[in-house]
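See below for the structure under consideration.
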Number of protein chains: 2
Amino acid sequence: MPDESNGWTRTIDLPKPSLDDNRADADRLKAALKSAFNAETIDIDLSVLKKLPTRLRQWGYRARCLCFNDYGRWRLIGIKTPTDDTPFLGIAVDLGTTRVVLRLINLDTGEEMAEQAFDNPQIEVGPDILERIHYADKEGGLKKLNRLIIDGLQTHIERICRDAGADAGDVYLMTVAGNTSMVHLFMGLAPGGIIREPYIPVVNRPGLIPAASLNIDIHKDARVFVFPNVGSYFGGDLISGILYSGLHESDKISMLVDVGTNAEVVLGNRDWLVACAGAAGPALEGGVSEIGMTAAPGVIDQVRIDPKTRYFDIHTIENQPAKGICGSGMIDLVAQLFLAGMLDIRGRLVTDAASERVYESNDERRLVVADETTSATGEALTIGQADLDSLIRSKAAMYTILETITGYVGVTFKDIARFYVAGTFGSFIRPRSAITIGMIPDLPEDTYQSLGNSSLGGAGRLLSSRAAMDEVERIYQNITYLELNVNQEFMNRFSAAKFLPHTEAAHFPSVHQVC
Amino acid sequence: MPDESNGWTRTIDLPKPSLDDNRADADRLKAALKSAFNAETIDIDLSVLKKLPTRLRQWGYRARCLCFNDYGRWRLIGIKTPTDDTPFLGIAVDLGTTRVVLRLINLDTGEEMAEQAFDNPQIEVGPDILERIHYADKEGGLKKLNRLIIDGLQTHIERICRDAGADAGDVYLMTVAGNTSMVHLFMGLAPGGIIREPYIPVVNRPGLIPAASLNIDIHKDARVFVFPNVGSYFGGDLISGILYSGLHESDKISMLVDVGTNAEVVLGNRDWLVACAGAAGPALEGGVSEIGMTAAPGVIDQVRIDPKTRYFDIHTIENQPAKGICGSGMIDLVAQLFLAGMLDIRGRLVTDAASERVYESNDERRLVVADETTSATGEALTIGQADLDSLIRSKAAMYTILETITGYVGVTFKDIARFYVAGTFGSFIRPRSAITIGMIPDLPEDTYQSLGNSSLGGAGRLLSSRAAMDEVERIYQNITYLELNVNQEFMNRFSAAKFLPHTEAAHFPSVHQVC
């Protein structure tokens with residue numbers, strides 16, 4: 001038997017009609033559902049109403065019902081006979097700019113049935129969200145971007161169901177978490193206001209939308225819940241991530257960081273939540289250096305340098321010949337170069353100490369990361385000072401954002417009991433290396449916890465837990481969004497953070513012990 | 001300038017976005033609408049959301065908005081620039097079993113622009129609602145009945161708009177009042193439960209339904225409000241009628257009667273409302289006697305008989321040669337026959353006193369209503385004792401229902417300050433005649449007030465008045481529906497009421513003064 005205690009489905013026994021109880025079918029069912037779900041009102045679509053009279057009588061006034069709570073207004077979405085063993089299915093979606101991930105969930109049991117990911121087909125228009133937003137301003141642009149993502153989702157909804165031996169027609173509920181711009185493109189809403197001062201989204205709380213009005217072809221009565229965004233730069237993916245982390249339920253102060261081109265940060269506990277977001281630069285994701293790549297076979301993801309011999313122990317994904325380096329590899333590389341004395345505190349390559357690997361070319365100092373014998377191309381993989389500088393600016397921006405938000409709230413890094421690192425990229429970062437370069441605070445390593453795809457995790461949790469909906473609302477209501485003012489104080493902090501690990505040695509005692 | 005103080009449209013000035021006020025477009029608009037309409041929440045469909053960003057900016061953050069309140073949950077239905085002079089249109093519908101009436105209303109001004117009526121196309125399946133309900137049980141039956149009424153409405157919506165020089169695409173709101181069965185057929189809901197013990201409708205409060213999901217092709221974001229029914233035998237047309245009468249707002253006790261095959265009665269004041277409905281028989285509508293007809297040219301609608309000379313002064317509609325008699329004509333006829341001594345107190349034709357007009361045929365006593373010189377057919381129009389008995393049973397049922405409901409509440413007829421007679425048929429009845437035959441209580445004639453089509457009137461009022469929505473809800477919540485038990489007491493009352501005007505002479509002092 002499924003555990004119905006906290007899910008969105010319930011098996012309901014209705015009192016049979018009589019002359020003494022001649023309530024309408026809808027009223028009879030609503031009363032039972034209100035009591036089962038502790039709901040004040042239940043809405044029922046006309047299409048669902050139409051099925052009631054025949055079905056309730058055929059089923060002897062017993063029904064398995066799927067309801068969902070849309071900000072306090074409940075809705076009956078699906079109804080089956082208890083002897084029908086086809087499940088109510090749900091799909092959680094992490095609607096990423098680059099990658100979209102789907103998780104298929106049995107709403108009766110909460111069981112995760114399958115997961116699939118695909119590249120966001122809007123990349124065809126532009127890999128960068130900014131390009132897409134500009135494209136959406138053009139005639140027919142928004143329509144095309146909307147169709148790309150909807151068609152992509154439709155294809156993969158059908159595929160994930162087929163692969164799991166299920167039927168897309170049994171999908172009654174979807175939860176979608178994405179950044180504000182992606183969510184706008186998904187709903188066909190013009191995103192132009194998001195990137196132009198004063199940065200206005202069309203909507204913050206889209207709520208529960210008929211799948212049909214989004215042109216998603218699943219069960220015809222299905223609804224899609226879109227996670228709310230707090231503003232243009234704090235999307236529903238973060239709300240979903242907070243939900244997944246549990247940060248909002250702890251009595252201790254935690255921080256959640258989603259590291260990427262845009263660093264999104266949440267600080268708080270069960271009583272208060274402060275969030276901010278700021279540009280950290282794409283260098284952290286490894287996307288911009290000459291040899292930067294996203295994780296794939298042959299990509300360098302770990303680097304060790306023996307501080308004495310300066311021997312480079314390079315690890316590539318699936319141990320393939322090296323063809324590039326990902327973001328976590330870059331952080332490792334810079335940390336190890338610094339510890340081996342091959343980078344100075346300003347992040348400059350040191351020539352004399354590492355003469356075999358460091359050379360000058362076109363007035364730029366460069367480092368051989370993997371020589372021609374270990375590289376996949378037959379030529380040495382090298383990295384220039386400019387790319388290293390770019391990474392250091394990004395890590396400095398990241399650290400400055402963390403300093404600013406804690407400073408705003410009036411807490412210190414030491415007050416942070418748990419530091420969640422979200423995102424697929426976040427799950428590859430080794431905290432020790434990130435601390436060494438001064439990207440994240442010098443806290444005990446077990447303070448750091450990688451969340452993986454927390455946006456998907458939260459969307460999935462909402463499909464299996466009624467309580468999660470109240471949490472989403474509480475998170476949304478509790479959160480204070482802090483506009484990052486890039487003022488003189490911010491710039492001073494940023495300048496100090498551009499050193500390795502920082503100009504203030506006292507901020508990073510564990511690093512200075514080693515050096 | 002339209003008076004916006006109590007309508008559903010408002011012109012809204014929004015504060016312009018700035019870095020200090022970077023709410024989402026939807027939030028900005030919702031806040032202004034909440035304040036303008038005194039609403040707690042405002043829902044906005046995705047299709048309306050999509051228009052916001054471009055329009056708000058083009059219009060300088062000024063907009064004329066149409067909202068509607070669906071049981072406390074407000075919804076933005078339409079948005080135009082204040083300089084757009086096309087109106088928001090609404091259509092009120094009285095969804096009668098026999099006749100459907102539409103009224104086109106300018107929602108900005110409340111102005112009634114046009115009215116049109118058409119025969120309910122479901123008559124093709126059966127003139128009687130019972131036949132239709134049985135037909136709906138058959139394969140494809142419900143679909144056909146639903147299509148007939150929707151297609152009929154669509155045709156006449158387009159026609160009423162065209163005739164008024166308007167565009168059906170500007171119709172954003174409809175209000176529909178009908179009996180429970182008609183409303184079910186209109187929504188495509190199986191009506192079978194309504195007529196079978198224990199008499200269960202599918203739904204009592206359909207609320208606000210997207211016009212598109214009803215397959216009504218008006219503005220694509222349009223909504224249709226369907227008046228709630230209290231049960232199988234107390235439809236939204238009555239709720240709408242109460243709204244129109246104002247009975248629910250008076251401190252004095254009033255009664256509202258919709259006379260027809262099914263007599264529907266409401267008794268109450270601003271504090272309480274009791275309703276009941278019972279079969280009065282079709283005789284009151286003139287539909288079942290051999291010469292019975294609904295009102296049309298040549299139909300007898302008034303009868304005067306000189307009590308001394310027994311001269312029959314017969315009035316026909318449009319003074320055409322007589323071809324039949326309508327319900328109000330029948331009531332007049334029976335009253336006048338009784339006053340002239342041509343009917344005894346048991347309602348039997350008296351032979352000796354009126355020998356020229358009363359004769360025996362096939363063992364039945366018959367009366368010549370119009371001789372061959374005044375009739376349209378060249379043959380005398382006659383009525384038999386059986387048809388007179390049938391009318392008397394109907395009037396007795398009607399009076400018994402009124403006695404029962406007042407008795408239930410513990411008031412007397414004298415406590416009734418206002419007696420509303422609803423329905424097209426009701427507007428033809430002369431209270432003096434109805435009192436004379438003992439169909440309605442012996443109250444001063446000015447107590448009686450004909451309401452005309454109160455169902456349409458209430459539906460129209462709801463389109464021009466926000467306050468009316470709260471009244472609908474209050475009426476619905478306040479009303480107690482009394483199941484008429486046809487028990488011994490009812491039968492005793494009924495037997496006593498089968499006399500002219502009644503066995504208890506004291507109940508009808510004004511009639512006995514005359515006799």
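Here's how to read the names in the structure tokens: chain A, B, ... by the order shown, residue numbers from 1 in each chain, ligand numbers from 1 in the order shown.
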Legend entry - Near-Ala222 (chain B) list (8 Å; only C-alpha atoms; drop same-chain fewer than 5 positions) as a VMD selection string: chain B and resid 77 to 78 171 to 174 210 to 212
Inset, instruction - Show me which bits of chain B are within 7 Å of chain A, counting only C-alpha atoms, as JSON, numbers by chain. - result: {"B": [17, 18, 19, 22, 23, 24, 25, 26, 27, 50, 53, 188, 189, 190, 198, 199, 200, 201, 202, 203, 204]}
Write the residues you've just listed into a file as a compact mmCIF listing (two decimals), in the first residue's frame, and include C-alpha atoms for each of them.
```
# COMPACT_ATOMS: atom_id res chain seq x y z
CA PRO B 17 8.85 50.62 -12.27
CA SER B 18 12.12 51.86 -10.83
CA LEU B 19 15.10 50.35 -9.08
CA ASN B 22 11.04 46.54 -9.32
CA ARG B 23 8.01 44.36 -8.72
CA ALA B 24 7.04 42.02 -11.54
CA ASP B 25 4.49 43.37 -14.02
CA ALA B 26 1.90 40.94 -12.65
CA ASP B 27 2.56 41.94 -9.03
CA LYS B 50 1.53 37.16 -21.98
CA PRO B 53 4.84 43.42 -20.59
CA GLY B 188 -22.24 18.90 -20.67
CA LEU B 189 -22.79 17.31 -17.26
CA ALA B 190 -24.89 14.15 -17.05
CA PRO B 198 -32.21 10.68 -4.11
CA TYR B 199 -32.06 13.51 -6.71
CA ILE B 200 -28.38 14.37 -6.98
CA PRO B 201 -27.01 17.06 -9.29
CA VAL B 202 -23.38 16.80 -10.41
CA VAL B 203 -22.59 20.27 -9.17
CA ASN B 204 -24.25 23.08 -7.25
```
Legend entry - Spatial neighbours of Leu339 (chain B), max dist 7 Å, only C-alpha atoms, sep filter under 2 positions, as an MDAnalysis selection string: chainID B and resid 307 335:337 341 515
Spatial neighbours of region 491-497 of chain A, max dist 10 Å, only C-alpha atoms, sep filter under 2 positions, as an mmCIF file with N, CA and C atoms, in the first residue's frame:
```cif
data_model
loop_
_atom_site.group_PDB
_atom_site.id
_atom_site.type_symbol
_atom_site.label_atom_id
_atom_site.label_comp_id
_atom_site.auth_asym_id
_atom_site.auth_seq_id
_atom_site.Cartn_x
_atom_site.Cartn_y
_atom_site.Cartn_z
ATOM 1 N N ARG A 346 49.698 37.251 -5.985
ATOM 2 C CA ARG A 346 48.884 38.019 -6.923
ATOM 3 C C ARG A 346 48.369 37.145 -8.062
ATOM 4 N N ILE A 392 40.915 34.124 -11.210
ATOM 5 C CA ILE A 392 41.133 34.779 -9.915
ATOM 6 C C ILE A 392 40.138 35.921 -9.710
ATOM 7 N N ARG A 393 39.823 36.636 -10.782
ATOM 8 C CA ARG A 393 38.781 37.670 -10.655
ATOM 9 C C ARG A 393 37.433 37.037 -10.273
ATOM 10 N N SER A 394 37.145 35.906 -10.884
ATOM 11 C CA SER A 394 35.877 35.236 -10.583
ATOM 12 C C SER A 394 35.814 34.766 -9.135
ATOM 13 N N LYS A 395 36.915 34.148 -8.683
ATOM 14 C CA LYS A 395 36.898 33.663 -7.288
ATOM 15 C C LYS A 395 36.825 34.843 -6.327
ATOM 16 N N ALA A 396 37.454 35.957 -6.710
ATOM 17 C CA ALA A 396 37.404 37.156 -5.864
ATOM 18 C C ALA A 396 35.972 37.705 -5.805
ATOM 19 N N ALA A 397 35.299 37.708 -6.940
ATOM 20 C CA ALA A 397 33.910 38.178 -6.971
ATOM 21 C C ALA A 397 33.041 37.290 -6.083
ATOM 22 N N MET A 398 33.253 35.987 -6.214
ATOM 23 C CA MET A 398 32.487 35.021 -5.420
ATOM 24 C C MET A 398 32.673 35.303 -3.937
ATOM 25 N N TYR A 399 33.924 35.420 -3.508
ATOM 26 C CA TYR A 399 34.216 35.630 -2.092
ATOM 27 C C TYR A 399 33.647 36.969 -1.619
ATOM 28 N N THR A 400 33.741 37.972 -2.472
ATOM 29 C CA THR A 400 33.234 39.301 -2.104
ATOM 30 C C THR A 400 31.716 39.263 -1.901
ATOM 31 N N ILE A 401 31.044 38.523 -2.745
ATOM 32 C CA ILE A 401 29.593 38.379 -2.596
ATOM 33 C C ILE A 401 29.277 37.723 -1.246
ATOM 34 N N GLU A 403 31.153 37.721 1.436
ATOM 35 C CA GLU A 403 31.483 38.686 2.499
ATOM 36 C C GLU A 403 30.388 39.736 2.630
ATOM 37 N N THR A 404 29.864 40.176 1.485
ATOM 38 C CA THR A 404 28.870 41.247 1.498
ATOM 39 C C THR A 404 27.577 40.796 2.161
ATOM 40 N N ILE A 437 42.383 28.750 -2.740
ATOM 41 C CA ILE A 437 42.476 29.931 -3.609
ATOM 42 C C ILE A 437 41.672 31.114 -3.064
ATOM 43 N N GLY A 438 40.980 30.886 -1.935
ATOM 44 C CA GLY A 438 40.251 32.008 -1.320
ATOM 45 C C GLY A 438 38.936 32.311 -2.007
ATOM 46 N N MET A 439 38.349 31.266 -2.566
ATOM 47 C CA MET A 439 37.058 31.461 -3.227
ATOM 48 C C MET A 439 35.906 31.330 -2.233
ATOM 49 N N ASN A 485 24.960 46.203 -4.443
ATOM 50 C CA ASN A 485 25.418 47.476 -5.011
ATOM 51 C C ASN A 485 26.925 47.408 -5.194
ATOM 52 N N VAL A 486 27.364 47.510 -6.433
ATOM 53 C CA VAL A 486 28.799 47.470 -6.666
ATOM 54 C C VAL A 486 29.335 48.886 -6.390
ATOM 55 N N ASN A 487 29.441 49.173 -5.072
ATOM 56 C CA ASN A 487 29.882 50.498 -4.617
ATOM 57 C C ASN A 487 31.351 50.445 -4.200
ATOM 58 N N GLN A 488 31.830 51.514 -3.611
ATOM 59 C CA GLN A 488 33.256 51.568 -3.268
ATOM 60 C C GLN A 488 33.642 50.470 -2.277
ATOM 61 N N GLU A 489 32.765 50.216 -1.315
ATOM 62 C CA GLU A 489 33.075 49.196 -0.313
ATOM 63 C C GLU A 489 33.211 47.834 -0.981
ATOM 64 N N PHE A 499 43.777 38.524 -4.247
ATOM 65 C CA PHE A 499 45.039 37.870 -3.904
ATOM 66 C C PHE A 499 44.778 36.406 -3.545
ATOM 67 N N LEU A 500 45.869 35.629 -3.497
ATOM 68 C CA LEU A 500 45.754 34.214 -3.158
ATOM 69 C C LEU A 500 46.256 33.971 -1.745
ATOM 70 N N PRO A 501 45.511 33.472 -0.825
ATOM 71 C CA PRO A 501 44.062 33.375 -0.928
ATOM 72 C C PRO A 501 43.382 34.723 -0.719
ATOM 73 N N HIS A 502 44.060 35.708 -0.082
ATOM 74 C CA HIS A 502 43.422 36.974 0.276
ATOM 75 C C HIS A 502 44.515 37.864 0.838
ATOM 76 N N THR A 503 44.337 39.190 0.753
ATOM 77 C CA THR A 503 45.351 40.058 1.388
ATOM 78 C C THR A 503 45.382 39.882 2.894
ATOM 79 N N GLU A 504 44.222 39.606 3.463
ATOM 80 C CA GLU A 504 44.172 39.394 4.909
ATOM 81 C C GLU A 504 44.465 37.928 5.207
#
```
Legend entry - Sel. of helix (DSSP H, G or I) residues, region 13-125 of chain A, as an MDAnalysis selection string: chainID A and resid 25:37 46:49 52:58 121:124
Legend entry - strand (DSSP E or B) per DSSP on the backbone: members of region 2-74 of chain A, as a PyMOL selection string: chain A and resi 9-13+18+21+42-44+62-70+73-74
Inset, instruction - Mind checking which residues fall within 6 Å of region 58-71 of chain B, counting only C-alpha atoms, ignoring those fewer than 5 positions away in the same chain, and posting them as a list in words? - result: Trp8, Thr9, Arg10, Thr11, Ile12, Asp13, Leu14, Leu76, Ile77, Gly78, Ile79, Lys80, Thr81 and Pro82 of chain B
Could you write those residues out with N, CA and C atoms, as a PDB file, in the first residue's frame?
```pdb
ATOM      1  N   TRP B   8     -17.595  46.088 -13.083  1.00  0.00           N
ATOM      2  CA  TRP B   8     -16.485  45.131 -13.089  1.00  0.00           C
ATOM      3  C   TRP B   8     -15.256  45.668 -13.822  1.00  0.00           C
ATOM      4  N   THR B   9     -15.354  46.891 -14.359  1.00  0.00           N
ATOM      5  CA  THR B   9     -14.190  47.444 -15.045  1.00  0.00           C
ATOM      6  C   THR B   9     -13.662  48.648 -14.275  1.00  0.00           C
ATOM      7  N   ARG B  10     -12.357  48.822 -14.326  1.00  0.00           N
ATOM      8  CA  ARG B  10     -11.729  49.976 -13.689  1.00  0.00           C
ATOM      9  C   ARG B  10     -10.550  50.438 -14.533  1.00  0.00           C
ATOM     10  N   THR B  11     -10.348  51.752 -14.552  1.00  0.00           N
ATOM     11  CA  THR B  11      -9.130  52.271 -15.163  1.00  0.00           C
ATOM     12  C   THR B  11      -8.102  52.455 -14.055  1.00  0.00           C
ATOM     13  N   ILE B  12      -6.949  51.850 -14.290  1.00  0.00           N
ATOM     14  CA  ILE B  12      -5.933  51.736 -13.242  1.00  0.00           C
ATOM     15  C   ILE B  12      -4.689  52.517 -13.671  1.00  0.00           C
ATOM     16  N   ASP B  13      -4.153  53.325 -12.776  1.00  0.00           N
ATOM     17  CA  ASP B  13      -2.848  53.954 -12.995  1.00  0.00           C
ATOM     18  C   ASP B  13      -1.825  53.242 -12.133  1.00  0.00           C
ATOM     19  N   LEU B  14      -0.803  52.705 -12.792  1.00  0.00           N
ATOM     20  CA  LEU B  14       0.194  51.969 -12.026  1.00  0.00           C
ATOM     21  C   LEU B  14       1.403  52.859 -11.771  1.00  0.00           C
ATOM     22  N   LEU B  76      -8.468  38.624 -13.254  1.00  0.00           N
ATOM     23  CA  LEU B  76      -8.376  39.631 -14.324  1.00  0.00           C
ATOM     24  C   LEU B  76      -8.751  38.929 -15.621  1.00  0.00           C
ATOM     25  N   ILE B  77      -9.813  39.402 -16.252  1.00  0.00           N
ATOM     26  CA  ILE B  77     -10.297  38.723 -17.460  1.00  0.00           C
ATOM     27  C   ILE B  77      -9.874  39.463 -18.722  1.00  0.00           C
ATOM     28  N   GLY B  78      -9.875  40.788 -18.656  1.00  0.00           N
ATOM     29  CA  GLY B  78      -9.523  41.538 -19.859  1.00  0.00           C
ATOM     30  C   GLY B  78      -8.771  42.804 -19.522  1.00  0.00           C
ATOM     31  N   ILE B  79      -7.962  43.249 -20.457  1.00  0.00           N
ATOM     32  CA  ILE B  79      -7.185  44.463 -20.254  1.00  0.00           C
ATOM     33  C   ILE B  79      -7.099  45.216 -21.583  1.00  0.00           C
ATOM     34  N   LYS B  80      -7.393  46.524 -21.528  1.00  0.00           N
ATOM     35  CA  LYS B  80      -7.343  47.376 -22.721  1.00  0.00           C
ATOM     36  C   LYS B  80      -6.686  48.692 -22.337  1.00  0.00           C
ATOM     37  N   THR B  81      -6.226  49.402 -23.351  1.00  0.00           N
ATOM     38  CA  THR B  81      -5.742  50.747 -23.074  1.00  0.00           C
ATOM     39  C   THR B  81      -6.949  51.669 -22.869  1.00  0.00           C
ATOM     40  N   PRO B  82      -6.837  52.638 -21.976  1.00  0.00           N
ATOM     41  CA  PRO B  82      -7.976  53.529 -21.722  1.00  0.00           C
ATOM     42  C   PRO B  82      -8.406  54.293 -22.976  1.00  0.00           C
TER      43      PRO B  82
END
```
Legend entry - Among the residues A:Gly141, A:Gly460, A:Gly407, A:Gly423, the one that comes closest to Val259 (chain A) [using only C-alpha atoms]: A:Gly423
